[in-house]
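Undergrad: First, the structure itself, so that you have it in front of you.
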Amino acid sequence: MNHDFVHEGRPGRVVFAAGASTRLPGEVERLGLRRLIVVSTPEQAGLAAELTSPLGDRIAAPHPHATMHVPVAVAAEAVARARETGADGCVAVGGGSAIGLAKAIAKETGLPIVAVPTTYAGSEMTPVWGLTDADRKTTGRDPRVLPATVVYDPELTLTLPIGLSVTSGMNALAHAAEGLYAPDGSPISTLMAAESARALTGALPRVVADPRDVDARSDTLYGAWLAGSVLGATTMSLHHKLCHILGGTFGLPHSETHTAILPHVLAFNLPAASRARTALQAAFGAADPAEHLFHLAKDLGAEMSLRALGMPENGLETVAGQALAAPYANPRPVTGADLEHLLGNALAGAAPA
Ligand code: NAD
């Protein structure tokens, strides 16, 4: 095979173990941090307080004000709070929303982040930030927002509701799947993506069968770590573009939207991405990865209709228009008719065709 690639290793320390959250104080000490702002959603304020209480007077301020998609006003308030408390670091406990707000702080202040993820979204492994103003989401890359240390503790995911566990796992799978046909993939990102797809599809049915199965949770979080690493290392394509537009324009829920869209984009893209198709066939043990994924998600209880998730009937043209307006990498050229077909099926919750 003619190898031709660029691989860039990213800095960052990962600590992964059941019970690893008790190692948080040691990780903070290792970075020499003395005044921490602790970011979480309001719902996870209690967990954040519990995990950081051993840090005592190193906690400068709890900041449990993270919300989905990091609205600019919420970000500005968090940056101001970090500055007025003289914080020298930021601990983020939670999913992509909490980590996203910590990234907004780091982007403006350069404070190092210690992330303790509790979902499978994978933001903690990427230098990608996102901010939402009115109904538009802006994203960008900045090495300053990549967490210095990530503490993965599968026990923290035991409380993740089953529905969100499935869709968050599918969100991770989307990073792995699009990483497999990324224009800037490398042998390392390909290995990570294939292993992630295998781990996630194997573990999610076990999580649904018993949400308190720590081994199943551990395998899922392991797959999510790999998927997040792939997301951070490669350029995403049509799937992420569509989800970005749907989330930013109609406020559709993040992981649920990823779940409903992914089988349709794979059905469209895989015929033009033979290596990705072969890798997913092996990872899923299925001849048709797109169809397999649709039925897996549906059988695990996910909502597969964008209409049911809140997409307006007449939104199809808006999404297609935005997706065609800005160019992005994709293994297969996309036309308006392709998008209307693909989105029409996803709108109705029909199997990919
Ligand atoms: P989330 O962080 O919004 O969490 C959803 C809800 O679940 C919240 O109420 C949260 O408090 C709760 N929750 C989280 N973990 C829990 C647990 N273990 N037990 C019980 N409740 C729990 O959801 P998400 O899907 O993790 O993140 C979505 C956001 O992350 C989006 O805004 C998305 O754009 C962003 N994101 C960014 C990147 C990136 O690289 N920048 C990557 C992936 C996702």
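Here, A, B, ... name the chains of the structure tokens in the order displayed, residue numbers run from 1 inside each chain, and ligands are numbered from 1 in the same displayed order.
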DSSP on the backbone, then: every residue of stretch 29-110 of chain A marked strand (DSSP E), written as a ChimeraX atom specification.
TA: /A:36-39,59-63,89-94
Undergrad: If we count only C-alpha atoms and set the cut-off at 9 Å, which residues sit around stretch 77-93 of chain A, ignoring sequence neighbours fewer than 5 positions away in its own chain? Please answer as a PyMOL selection string.
TA: chain A and resi 28+33-41+44-45+47-48+51-52+59-61+63+65-66+72+98-102+104-106+108-118
Undergrad: Give me, as a list in words, the set of residues whose atoms come within 6 Å of any atom of ligand 1, counting only C-alpha atoms and all ligand atoms.
TA: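 Selection of residues at most 6 Å from ligand 1: Thr41, Glu43, Gln44, Met68, His69, Gly94, Gly95, Gly96, Ser97, Ala98, Thr118, Thr119, Ala121, Gly122, Ser123, Thr126, Val128, Trp129, Gly130, Leu156, Thr157, Thr159, Leu160, Ser168, His254 and Ser255 of chain A.
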Undergrad: Determine which residues of stretch 279-342 of chain A receive a DSSP assignment of helix (DSSP H, G or I), computed from the backbone, and state them as a CSV table (one decimal) with N, CA and C atoms, in the first residue's frame.
TA:
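Saved result, states.csv, follows:
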chain,number,residue,atom,x,y,z
A,279,ALA,N,-13.8,-1.4,7.3
A,279,ALA,CA,-13.5,-1.3,8.7
A,279,ALA,C,-14.8,-1.4,9.5
A,280,LEU,N,-15.9,-0.7,9.1
A,280,LEU,CA,-17.1,-0.7,9.9
A,280,LEU,C,-17.8,-2.1,9.7
A,281,GLN,N,-17.7,-2.7,8.6
A,281,GLN,CA,-18.3,-4.1,8.4
A,281,GLN,C,-17.6,-5.0,9.5
A,282,ALA,N,-16.3,-4.9,9.6
A,282,ALA,CA,-15.6,-5.7,10.6
A,282,ALA,C,-15.9,-5.4,12.0
A,283,ALA,N,-16.0,-4.1,12.3
A,283,ALA,CA,-16.3,-3.6,13.6
A,283,ALA,C,-17.7,-4.0,14.1
A,284,PHE,N,-18.7,-3.9,13.1
A,284,PHE,CA,-20.1,-4.2,13.5
A,284,PHE,C,-20.4,-5.7,13.3
A,289,PRO,N,-23.2,-1.7,7.1
A,289,PRO,CA,-23.0,-1.0,8.4
A,289,PRO,C,-24.1,0.1,8.7
A,290,ALA,N,-24.6,0.8,7.6
A,290,ALA,CA,-25.6,1.8,7.8
A,290,ALA,C,-26.9,1.2,8.3
A,291,GLU,N,-27.4,0.1,7.7
A,291,GLU,CA,-28.6,-0.5,8.1
A,291,GLU,C,-28.5,-1.1,9.5
A,292,HIS,N,-27.3,-1.7,9.7
A,292,HIS,CA,-27.1,-2.3,11.0
A,292,HIS,C,-27.2,-1.3,12.1
A,293,LEU,N,-26.6,-0.1,11.9
A,293,LEU,CA,-26.6,0.9,12.9
A,293,LEU,C,-28.0,1.5,13.1
A,294,PHE,N,-28.8,1.6,12.1
A,294,PHE,CA,-30.1,2.1,12.2
A,294,PHE,C,-30.9,1.2,13.1
A,295,HIS,N,-30.8,-0.1,12.9
A,295,HIS,CA,-31.6,-1.1,13.7
A,295,HIS,C,-31.1,-1.2,15.1
A,296,LEU,N,-29.8,-1.1,15.2
A,296,LEU,CA,-29.2,-1.2,16.5
A,296,LEU,C,-29.7,0.0,17.4
A,297,ALA,N,-29.6,1.2,16.9
A,297,ALA,CA,-30.0,2.4,17.6
A,297,ALA,C,-31.5,2.3,18.0
A,298,LYS,N,-32.3,1.9,17.0
A,298,LYS,CA,-33.8,1.8,17.2
A,298,LYS,C,-34.1,0.7,18.2
A,299,ASP,N,-33.4,-0.5,18.1
A,299,ASP,CA,-33.7,-1.5,19.1
A,299,ASP,C,-33.3,-1.1,20.5
A,306,LEU,N,-36.3,12.7,12.9
A,306,LEU,CA,-35.9,14.1,13.2
A,306,LEU,C,-37.2,14.9,13.5
A,307,ARG,N,-38.3,14.6,12.9
A,307,ARG,CA,-39.6,15.2,13.1
A,307,ARG,C,-39.9,15.1,14.6
A,308,ALA,N,-39.8,13.9,15.1
A,308,ALA,CA,-40.1,13.7,16.6
A,308,ALA,C,-39.1,14.5,17.5
A,309,LEU,N,-37.9,14.7,17.0
A,309,LEU,CA,-37.0,15.5,17.8
A,309,LEU,C,-37.2,17.0,17.7
A,315,GLY,N,-38.2,22.6,7.4
A,315,GLY,CA,-36.8,23.0,7.7
A,315,GLY,C,-35.8,22.3,6.7
A,316,LEU,N,-36.3,21.4,6.0
A,316,LEU,CA,-35.4,20.6,5.1
A,316,LEU,C,-34.7,21.5,4.1
A,317,GLU,N,-35.4,22.4,3.5
A,317,GLU,CA,-34.7,23.3,2.5
A,317,GLU,C,-33.7,24.2,3.2
A,318,THR,N,-34.0,24.7,4.4
A,318,THR,CA,-33.0,25.5,5.1
A,318,THR,C,-31.7,24.8,5.4
A,319,VAL,N,-31.9,23.5,5.9
A,319,VAL,CA,-30.7,22.7,6.2
A,319,VAL,C,-29.9,22.4,5.0
A,320,ALA,N,-30.6,22.0,3.9
A,320,ALA,CA,-29.9,21.6,2.7
A,320,ALA,C,-29.2,22.9,2.1
A,321,GLY,N,-29.9,24.0,2.2
A,321,GLY,CA,-29.3,25.3,1.7
A,321,GLY,C,-28.0,25.6,2.4
A,322,GLN,N,-28.0,25.5,3.8
A,322,GLN,CA,-26.8,25.9,4.6
A,322,GLN,C,-25.7,24.8,4.3
A,323,ALA,N,-26.1,23.6,4.2
A,323,ALA,CA,-25.1,22.5,4.0
A,323,ALA,C,-24.4,22.7,2.6
A,324,LEU,N,-25.1,23.2,1.7
A,324,LEU,CA,-24.5,23.3,0.3
A,324,LEU,C,-23.8,24.7,0.2
A,325,ALA,N,-24.1,25.6,1.1
A,325,ALA,CA,-23.5,27.0,1.0
A,325,ALA,C,-22.0,27.0,1.3
A,336,GLY,N,-28.2,18.9,-3.8
A,336,GLY,CA,-29.4,19.3,-3.1
A,336,GLY,C,-30.4,18.1,-3.1
A,337,ALA,N,-30.5,17.4,-4.2
A,337,ALA,CA,-31.4,16.3,-4.3
A,337,ALA,C,-31.0,15.2,-3.3
A,338,ASP,N,-29.6,14.9,-3.2
A,338,ASP,CA,-29.1,13.9,-2.2
A,338,ASP,C,-29.5,14.3,-0.8
A,339,LEU,N,-29.4,15.6,-0.5
A,339,LEU,CA,-29.7,16.0,0.9
A,339,LEU,C,-31.2,15.9,1.2
A,340,GLU,N,-32.0,16.2,0.2
A,340,GLU,CA,-33.4,16.2,0.4
A,340,GLU,C,-33.9,14.7,0.6
A,341,HIS,N,-33.3,13.8,-0.1
A,341,HIS,CA,-33.6,12.4,0.0
A,341,HIS,C,-33.1,11.9,1.4
A,342,LEU,N,-31.9,12.2,1.8
A,342,LEU,CA,-31.3,11.7,3.0
A,342,LEU,C,-32.1,12.3,4.2
Undergrad: As a VMD selection string, please: the residues near A:Thr138 (cut-off 12 Å, only C-alpha atoms, same-chain neighbours under 2 positions excluded).
TA: chain A and resid 69 to 72 104 128 to 136 140 to 141 241 244 to 245 247 to 249
Undergrad: Between atom CA of A:Arg30 and atom CA of A:Tyr152, measure the distance and give it in Å to one decimal.
TA: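 For atom CA of A:Arg30 relative to atom CA of A:Tyr152, the distance reads 16.6 Å.
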Undergrad: Using only C-alpha atoms, can you tell me which of A:Thr234, A:Thr67, A:Ser305, A:Thr259 comes closest to A:Ser186?
TA: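 Ranking A:Thr234, A:Thr67, A:Ser305, A:Thr259 by distance to A:Ser186, first place goes to A:Thr234.
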Undergrad: Write out as a count of residues only which residues come within 10 Å of A:Ser274 when counting only C-alpha atoms, dropping same-chain ones fewer than 4 positions away.
TA: 8
Undergrad: Tell me, as a PyMOL selection string, which residues lie within 9 Å of stretch 202-206 of chain A, counting only C-alpha atoms; anything in the same chain fewer than 6 positions away does not count.
TA: chain A and resi 165-166+169-170+213+215-220+223+283-284+296+300
